[in-house]
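K.L.:
Dropping in upload-v5.txt, with compact mmCIF, C-alpha atoms.
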```txt
# COMPACT_ATOMS: atom_id res chain seq x y z
CA SER A 24 88.50 76.23 99.82
CA VAL A 25 89.46 72.64 100.57
CA CYS A 26 85.83 71.57 100.22
CA VAL A 27 85.00 73.28 96.90
CA GLY A 28 85.69 71.63 93.56
CA LYS A 29 84.58 68.99 91.11
CA TYR A 30 85.17 66.34 93.78
CA THR A 31 83.21 67.29 96.90
CA ILE A 32 84.87 67.01 100.30
CA THR A 33 82.67 67.62 103.32
CA THR A 34 83.69 69.12 106.66
CA ALA A 35 82.88 65.74 108.22
CA ASP A 36 85.49 64.13 105.95
CA ILE A 37 88.07 66.70 107.02
CA GLN A 38 87.28 66.15 110.71
CA ALA A 39 87.60 62.39 110.23
CA MET A 40 91.02 62.76 108.56
CA LEU A 41 92.25 65.07 111.31
CA LYS A 42 91.15 62.54 113.92
CA GLY A 43 92.88 59.72 112.03
CA GLU A 44 89.63 57.94 111.22
CA GLN A 45 89.02 55.94 108.06
CA VAL A 46 87.79 57.80 104.95
CA GLN A 47 87.63 56.95 101.26
CA ALA A 48 91.05 56.67 99.64
CA MET A 49 90.08 59.10 96.86
CA THR A 50 88.90 61.69 99.40
CA ARG A 51 92.17 61.49 101.30
CA LYS A 52 94.21 61.70 98.10
CA VAL A 53 92.33 64.72 96.76
CA PHE A 54 92.60 66.49 100.11
CA THR A 55 96.31 65.88 100.72
CA THR A 56 97.70 66.13 97.18
CA LEU A 57 95.41 68.72 95.55
CA ARG A 58 93.17 70.81 97.78
CA LEU A 59 95.35 71.43 100.83
CA PRO A 60 98.52 72.46 98.88
CA ARG A 61 96.38 74.65 96.62
CA THR A 62 94.68 76.39 99.53
CA VAL A 63 97.98 76.98 101.33
CA MET A 64 99.53 78.30 98.10
CA ALA A 65 96.62 80.72 97.61
CA LEU A 66 97.06 81.99 101.18
CA ILE A 67 100.82 82.36 100.69
CA ALA A 68 100.33 84.17 97.37
CA GLY A 69 97.81 86.60 98.85
CA ILE A 70 99.93 87.33 101.92
CA GLY A 71 103.12 87.82 99.90
CA LEU A 72 101.61 89.99 97.17
CA GLY A 73 99.62 92.07 99.66
CA ILE A 74 102.64 92.75 101.88
CA ALA A 75 104.91 93.44 98.90
CA GLY A 76 102.37 95.86 97.41
CA SER A 77 102.12 97.73 100.71
CA VAL A 78 105.90 97.90 101.03
CA TYR A 79 106.31 99.23 97.49
CA GLN A 80 103.64 101.87 97.99
CA ILE A 81 105.32 103.04 101.21
CA ILE A 82 108.93 103.19 100.02
CA PHE A 83 108.06 104.61 96.56
CA LYS A 84 105.43 106.98 98.01
CA ASN A 85 103.22 105.98 95.09
CA PRO A 86 99.63 104.69 95.59
CA LEU A 87 99.81 102.82 92.26
CA ALA A 88 102.96 100.89 93.17
CA SER A 89 102.71 97.11 93.04
CA PRO A 90 105.04 94.15 92.34
CA ASP A 91 104.92 95.26 88.69
CA ILE A 92 106.39 98.67 89.46
CA ILE A 93 110.07 97.65 89.60
CA GLY A 94 109.94 95.06 86.85
CA ILE A 95 109.47 91.86 88.88
CA ALA A 96 106.41 90.75 86.92
CA GLY A 97 107.93 91.65 83.56
CA GLY A 98 111.20 89.89 84.32
CA ALA A 99 109.43 86.80 85.68
CA ASN A 100 107.19 86.69 82.64
CA LEU A 101 110.19 86.89 80.32
CA GLY A 102 112.03 84.20 82.27
CA ALA A 103 109.04 81.89 82.06
CA ALA A 104 108.62 82.60 78.34
CA VAL A 105 112.27 81.73 77.64
CA ALA A 106 111.87 78.48 79.61
CA ILE A 107 108.65 77.60 77.74
CA VAL A 108 110.34 78.08 74.36
CA SER A 109 113.50 76.19 75.32
CA THR A 110 111.91 73.39 77.38
CA SER A 111 108.48 72.14 78.41
CA GLY A 112 109.30 71.17 82.00
CA MET A 113 107.34 72.88 84.81
CA ILE A 114 110.43 72.99 87.04
CA ALA A 115 112.37 74.84 84.34
CA ILE A 116 109.48 77.31 83.86
CA ALA A 117 109.29 78.00 87.60
CA ALA A 118 113.07 78.47 87.82
CA GLY A 119 113.03 80.73 84.77
CA ALA A 120 110.29 82.89 86.29
CA PHE A 121 112.10 83.22 89.61
CA TRP A 122 115.48 84.10 88.13
CA GLY A 123 113.85 86.40 85.58
CA GLY A 124 112.26 88.44 88.36
CA LEU A 125 115.49 88.51 90.35
CA ILE A 126 117.59 89.59 87.35
CA ALA A 127 115.02 92.29 86.51
CA VAL A 128 115.37 93.85 89.97
CA VAL A 129 119.18 93.68 89.75
CA CYS A 130 118.96 95.50 86.41
CA VAL A 131 116.69 98.14 87.99
CA MET A 132 119.19 98.70 90.81
CA LEU A 133 122.12 98.93 88.37
CA LEU A 134 120.17 101.39 86.24
CA VAL A 135 119.38 103.53 89.29
CA LYS A 136 123.02 103.39 90.36
CA ALA A 137 124.11 104.51 86.89
CA THR A 138 121.88 107.58 87.11
CA ARG A 139 123.40 108.48 90.50
CA SER A 140 119.97 109.60 91.64
CA ARG A 141 118.60 109.01 95.13
CA SER A 142 115.00 109.84 94.27
CA THR A 143 112.41 107.08 94.67
CA SER A 144 110.86 108.11 91.34
CA THR A 145 114.06 106.89 89.66
CA TYR A 146 113.23 103.33 90.79
CA VAL A 147 109.76 103.68 89.25
CA LEU A 148 111.13 104.95 85.94
CA ALA A 149 113.79 102.23 85.89
CA GLY A 150 111.07 99.63 86.52
CA ILE A 151 109.05 100.99 83.59
CA VAL A 152 112.14 100.71 81.37
CA ILE A 153 112.81 97.10 82.39
CA ASN A 154 109.13 96.20 81.94
CA ALA A 155 109.13 97.71 78.44
CA ILE A 156 112.25 95.74 77.48
CA SER A 157 110.75 92.54 78.91
CA LYS A 158 107.49 93.02 77.01
CA ALA A 159 109.35 93.63 73.76
CA ALA A 160 111.38 90.45 74.25
CA ILE A 161 108.21 88.47 75.10
CA MET A 162 106.48 89.72 71.95
CA ALA A 163 109.47 88.56 69.90
CA LEU A 164 109.34 85.13 71.56
CA LYS A 165 105.59 84.89 70.91
CA TYR A 166 106.11 85.74 67.26
CA PHE A 167 108.51 82.83 66.77
CA ALA A 168 106.80 80.43 69.21
CA ASP A 169 104.86 77.33 68.21
CA PRO A 170 101.21 78.54 68.13
CA GLU A 171 99.78 75.20 69.21
CA ASN A 172 101.90 74.57 72.30
CA GLU A 173 104.38 77.27 73.28
CA LEU A 174 102.20 80.31 72.53
CA ALA A 175 99.24 78.88 74.43
CA ALA A 176 101.46 78.04 77.41
CA MET A 177 102.82 81.62 77.50
CA GLU A 178 99.35 83.14 77.42
CA TYR A 179 98.03 80.78 80.10
CA TRP A 180 101.02 81.44 82.38
CA GLU A 181 100.46 85.21 82.10
CA MET A 182 96.90 84.79 83.42
CA GLY A 183 97.94 82.82 86.52
CA THR A 184 96.55 79.63 88.01
CA PHE A 185 96.72 77.52 91.17
CA GLY A 186 95.75 74.38 89.27
CA ASN A 187 99.36 73.25 88.89
CA THR A 188 100.20 73.57 92.60
CA THR A 189 101.67 70.46 94.21
CA LEU A 190 103.12 69.74 97.63
CA SER A 191 106.64 69.50 96.20
CA LYS A 192 106.36 72.95 94.58
CA LEU A 193 104.97 74.39 97.80
CA LEU A 194 107.86 72.99 99.82
CA SER A 195 110.44 74.15 97.25
CA ILE A 196 109.47 77.83 97.54
CA ARG A 197 108.90 77.79 101.32
CA PRO A 198 112.46 78.78 102.35
CA MET A 199 112.60 81.74 99.94
CA PHE A 200 109.14 82.95 100.90
CA LEU A 201 109.81 82.69 104.64
CA ILE A 202 113.18 84.48 104.35
CA GLY A 203 111.56 87.34 102.42
CA LEU A 204 108.58 87.56 104.79
CA ALA A 205 110.69 87.39 107.96
CA GLY A 206 113.09 90.03 106.64
CA ILE A 207 110.30 92.47 105.82
CA LEU A 208 108.65 91.97 109.21
CA LEU A 209 111.98 92.56 110.96
CA LEU A 210 112.53 95.77 108.96
CA ARG A 211 108.94 96.99 109.31
CA ARG A 212 109.95 99.98 111.48
CA GLN A 213 112.55 101.11 108.92
CA ILE A 214 110.00 100.61 106.13
CA GLU A 215 107.54 102.79 108.04
CA LEU A 216 110.18 105.55 108.29
CA LEU A 217 110.82 105.32 104.53
CA SER A 218 107.36 106.85 104.01
CA LEU A 219 108.89 110.14 105.22
CA SER A 220 111.08 112.38 103.08
CA ASP A 221 114.70 111.38 102.49
CA ASN A 222 116.01 114.20 104.67
CA GLU A 223 113.72 113.22 107.55
CA CYS A 224 114.83 109.59 107.24
CA ARG A 225 118.49 110.58 107.42
CA ALA A 226 117.78 112.79 110.44
CA LEU A 227 116.22 109.78 112.17
CA GLY A 228 119.29 107.66 111.47
CA VAL A 229 117.98 105.54 108.58
CA ARG A 230 120.63 104.49 106.06
CA LEU A 231 118.52 104.96 102.96
CA ARG A 232 120.42 103.08 100.26
CA PRO A 233 121.18 99.83 102.13
CA VAL A 234 117.74 99.70 103.77
CA ARG A 235 115.92 100.38 100.50
CA ALA A 236 118.06 97.82 98.64
CA ALA A 237 117.49 95.21 101.36
CA VAL A 238 113.72 95.76 101.34
CA LEU A 239 113.57 95.51 97.54
CA ALA A 240 115.67 92.31 97.57
CA LEU A 241 113.50 90.69 100.27
CA SER A 242 110.28 91.68 98.48
CA THR A 243 111.63 90.30 95.21
CA LEU A 244 112.59 87.03 96.88
CA MET A 245 109.07 86.68 98.27
CA VAL A 246 107.17 87.70 95.13
CA GLY A 247 109.47 85.81 92.79
CA SER A 248 108.99 82.59 94.74
CA ILE A 249 105.20 83.00 94.51
CA ILE A 250 104.82 83.78 90.82
CA SER A 251 107.32 81.08 89.88
CA VAL A 252 104.58 78.61 90.86
CA THR A 253 101.32 80.49 90.19
CA GLY A 254 102.15 82.66 87.21
CA LEU A 255 101.21 86.33 87.16
CA ILE A 256 98.38 87.41 89.49
CA SER A 257 97.01 90.84 88.64
CA PHE A 258 95.69 93.51 91.04
CA ALA A 259 96.20 91.56 94.29
CA GLY A 260 99.32 93.52 95.24
CA LEU A 261 97.59 96.79 94.32
CA ILE A 262 94.16 96.54 95.95
CA ALA A 263 95.17 94.87 99.24
CA PRO A 264 97.16 97.87 100.60
CA HIS A 265 94.38 100.33 99.64
CA THR A 266 91.77 98.18 101.36
CA ALA A 267 93.94 97.82 104.46
CA ARG A 268 94.42 101.58 104.68
CA LEU A 269 90.69 102.17 104.30
CA MET A 270 90.05 99.69 107.12
CA LEU A 271 92.71 100.98 109.53
CA ARG A 272 92.74 104.66 108.49
CA ARG A 273 96.54 104.77 108.73
CA ASN A 274 99.67 103.77 106.86
CA ASP A 275 102.25 102.14 109.12
CA SER A 276 103.72 98.74 109.97
CA THR A 277 100.30 97.47 111.09
CA THR A 278 98.95 98.29 107.63
CA ILE A 279 101.65 96.12 106.07
CA ILE A 280 100.44 93.09 108.05
CA MET A 281 96.78 93.89 107.35
CA SER A 282 97.59 94.16 103.63
CA GLY A 283 98.84 90.57 103.73
CA LEU A 284 95.63 89.38 105.39
CA VAL A 285 93.46 91.27 102.90
CA GLY A 286 95.53 89.91 100.02
CA ALA A 287 95.06 86.36 101.32
CA PHE A 288 91.30 86.87 101.49
CA VAL A 289 91.12 88.33 97.97
CA VAL A 290 93.28 85.65 96.33
CA LEU A 291 91.60 82.78 98.19
CA THR A 292 88.14 84.10 97.26
CA ALA A 293 89.21 84.47 93.63
CA ASP A 294 90.57 80.91 93.61
CA ILE A 295 87.29 79.53 94.97
CA LEU A 296 85.31 81.44 92.33
CA ALA A 297 87.70 80.24 89.61
CA ARG A 298 86.66 76.66 90.41
CA VAL A 299 82.89 77.12 90.72
CA LEU A 300 81.82 79.77 88.17
CA TYR A 301 82.47 77.72 85.03
CA SER A 302 82.81 74.10 84.02
CA ALA A 303 86.49 74.67 83.21
CA GLU A 304 88.78 76.39 85.68
CA LEU A 305 89.14 80.13 85.04
CA PRO A 306 92.55 81.90 85.18
CA ILE A 307 93.04 83.54 88.56
CA SER A 308 93.91 87.00 87.20
CA ILE A 309 90.46 87.30 85.64
CA LEU A 310 88.84 86.93 89.05
CA THR A 311 91.32 89.15 90.94
CA THR A 312 90.71 91.86 88.34
CA VAL A 313 86.92 91.52 88.67
CA ILE A 314 87.25 91.78 92.45
CA GLY A 315 89.86 94.53 92.33
CA VAL A 316 88.31 97.02 89.91
CA PRO A 317 85.24 97.86 92.08
CA ILE A 318 87.54 98.35 95.09
CA LEU A 319 89.76 100.73 93.11
CA ILE A 320 86.70 102.63 91.85
CA TYR A 321 85.51 102.99 95.45
CA PHE A 322 88.99 104.18 96.46
CA LEU A 323 88.99 106.80 93.69
CA CYS A 324 85.53 108.05 94.68
CA ALA A 325 86.48 108.21 98.37
CA ARG A 326 89.69 110.06 97.55
CA GLY A 327 87.77 112.50 95.35
CA LYS A 328 85.42 113.31 98.23
CA ASP A 329 88.38 113.89 100.56
CA VAL A 330 89.98 116.29 98.09
CA SER A 331 86.73 118.23 97.56
```
Mind converting the file's structure to structure tokens?
P.N.:
Amino acid sequence: SVCVGKYTITTADIQAMLKGEQVQAMTRKVFTTLRLPRTVMALIAGIGLGIAGSVYQIIFKNPLASPDIIGIAGGANLGAAVAIVSTSGMIAIAAGAFWGGLIAVVCVMLLVKATRSRSTSTYVLAGIVINAISKAAIMALKYFADPENELAAMEYWEMGTFGNTTLSKLLSIRPMFLIGLAGILLLRRQIELLSLSDNECRALGVRLRPVRAAVLALSTLMVGSIISVTGLISFAGLIAPHTARLMLRRNDSTTIIMSGLVGAFVVLTADILARVLYSAELPISILTTVIGVPILIYFLCARGKDVS
């Protein structure tokens, strides 16, 4: 990943920089300011989306669950759209995306609390409601947006990219990402128990509401920090857990970690292809979708054989 791009960096150049030897100034600048932050961001995005997707599929008991399922993507997209219309600064857009995703999850939790239902399907339905409201608001913003600047920026942000990644952005989201990741790993045993029925969880001593709320908050913190920099990345949080389960043939805390590794591989591969397949850089969601659809088709065929 750090070698591929319009400006070629060889493995010998990387070895020389690691050893402290002299290399061309442009090579060092491209490596330290562009390629290395981008590669690390792609790895972080894949790990975070893969783990979050696995967590959502476990706690919602839904194989189609992903970061979109509880409105994170819709809320982040709306937050970014509002920031694009009101200001052109990248920092404001990133902050708008993060807070939009966080507010969306808070709205989902309040909606679930208002229904007084403890069913996991209520979270899914609430997420669909929040996503629908977010999409309606985004369509209204697009209708009134400047077609030359604001509308194009909205569409490009929805497709996702690592081209705008910088070291400062990477460092700014690091605390939120690490807190979310560490929290999920610490709660991995409780998350594994959430795959059981509610009555079984209570019998095993799991406090359903606080644990579920904590897991959702930590996942939102992790995913929100990622998409505030990269924009929306489709399919990565959906296909990584399925692939991990096919590889391990189980669905437990080990699968959560494997989902992160698979997600990192998928996103990093898509980012490399985005740079080399066309003269201009392709949006990352196009490549993750192209990679993800065959995997989902295989999953559907394999599941059909198991059922038959």
K.L.:
Could you work out an axis-aligned box for region 232-251 of chain A, taking every atom the file lists and adding 5 Å on each side, and report centre and edge lengths in Å to one decimal, as JSON?
P.N.:
```
{"center_x": 113.0, "center_y": 92.1, "center_z": 96.8, "size_x": 26.4, "size_y": 32.0, "size_z": 23.9}
```
K.L.:
When you count only C-alpha atoms, which of these residues is closest to Leu217 (chain A): A:Val78, A:Ile153, A:Ala263, A:Met162?
P.N.:
A:Val78
K.L.:
So that each row is one residue of region 201-285 of chain A with an atom at most 9 Å from region 85-98 of chain A, can you give its shortest atom pair and the distance in Å to one decimal, using all atoms listed in the file, rows by chain and rising number, as CSV?
P.N.:
```
residue,atom,partner,partner_atom,distance
A:Leu239,CA,A:Ile93,CA,8.9
A:Ser242,CA,A:Pro90,CA,8.4
A:Thr243,CA,A:Ile95,CA,6.9
A:Val246,CA,A:Pro90,CA,7.3
A:Gly247,CA,A:Ile95,CA,7.2
A:Ile250,CA,A:Ala96,CA,8.1
A:Leu255,CA,A:Ala96,CA,6.8
A:Phe258,CA,A:Ser89,CA,8.1
A:Ala259,CA,A:Ser89,CA,8.6
A:Gly260,CA,A:Ser89,CA,5.4
A:Leu261,CA,A:Ser89,CA,5.3
A:Pro264,CA,A:Pro86,CA,8.8
A:His265,CA,A:Pro86,CA,7.9
```
K.L.:
Have a look at A:Leu244, A:Ile151, A:Val108, A:Ala75 and name the one nearest to Trp122 (chain A); count only C-alpha atoms.
P.N.:
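So, comparing all the options, the nearest one is A:Leu244.
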K.L.:
For a quick check of understanding, using all atoms listed in the file, which of A:Arg51, A:Arg58, A:Lys42, A:Lys136 has the smallest distance to Val27 (chain A)?
P.N.:
A:Arg58
K.L.:
Env of Thr34 (chain A): 10 Å cut, atoms = only C-alpha atoms, seq-sep filter 6 positions within chain, self excluded. Answer as a list in words.
P.N.:
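Counting only C-alpha atoms, the residues come to Val25, Cys26 and Met40 of chain A.
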K.L.:
Would you mind exporting the chosen residues as an mmCIF file, keeping the file's coordinate frame, restricted to C-alpha atoms?
P.N.:
```cif
data_model
loop_
_atom_site.group_PDB
_atom_site.id
_atom_site.type_symbol
_atom_site.label_atom_id
_atom_site.label_comp_id
_atom_site.auth_asym_id
_atom_site.auth_seq_id
_atom_site.Cartn_x
_atom_site.Cartn_y
_atom_site.Cartn_z
ATOM 1 C CA VAL A 25 89.460 72.640 100.570
ATOM 2 C CA CYS A 26 85.830 71.570 100.220
ATOM 3 C CA MET A 40 91.020 62.760 108.560
#
```
K.L.:
Smallest atom-to-atom distance to Leu193 (chain A): which of A:Ala117, A:Val238, A:Val252, A:Leu284, using only C-alpha atoms?
P.N.:
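Residue with the minimum atom-to-atom distance to Leu193 (chain A): A:Val252.
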K.L.:
Could you give me, as a ChimeraX atom specification, the residues within 9 Å of region 294-297 of chain A, counting all atoms listed in the file and dropping anything in the same chain fewer than 2 positions from it?
P.N.:
/A:24,27-28,62,65,184-185,289-292,299-301,303-307,309-311
K.L.:
Taking only C-alpha atoms into account, which of A:Leu72, A:Ile196, A:Leu148, A:Ile161 comes nearest Ser257 (chain A)?
P.N.:
A:Leu72
K.L.:
Could you give me, as a ChimeraX atom specification, the residues that have an atom at most 8 Å away from the point (104.5, 81.9, 73.1) in the coordinates of the file, using all atoms listed in the file?
P.N.:
/A:104,107-108,161,164-170,172-178
K.L.:
Counting all atoms listed in the file, which residue out of A:Ala39, A:Ala68, A:Leu219, A:Val128 sits closest to Phe200 (chain A)?
P.N.:
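Of A:Ala39, A:Ala68, A:Leu219, A:Val128, the one nearest Phe200 (chain A), counting all atoms listed in the file, is A:Ala68.
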K.L.:
Skipping near chain neighbours, those fewer than 4 positions away, what residues fall within 8 Å of Gly206 (chain A) using all atoms listed in the file, listed as a PyMOL selection string?
P.N.:
chain A and resi 202+210+238+241
K.L.:
Could you work out how far CA of Ala99 (chain A) lies from CA of Leu231 (chain A), giving the answer in Å with one decimal?
P.N.:
26.7 Å
K.L.:
How many Å separate CA of Ser109 (chain A) from CA of Thr188 (chain A)?
P.N.:
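Atom-to-atom, CA of Ser109 (chain A) to CA of Thr188 (chain A), that is 22.0 Å.
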K.L.:
Between CA of Leu323 (chain A) and CA of Met270 (chain A), what is the distance, to one decimal in Å?
P.N.:
15.2 Å
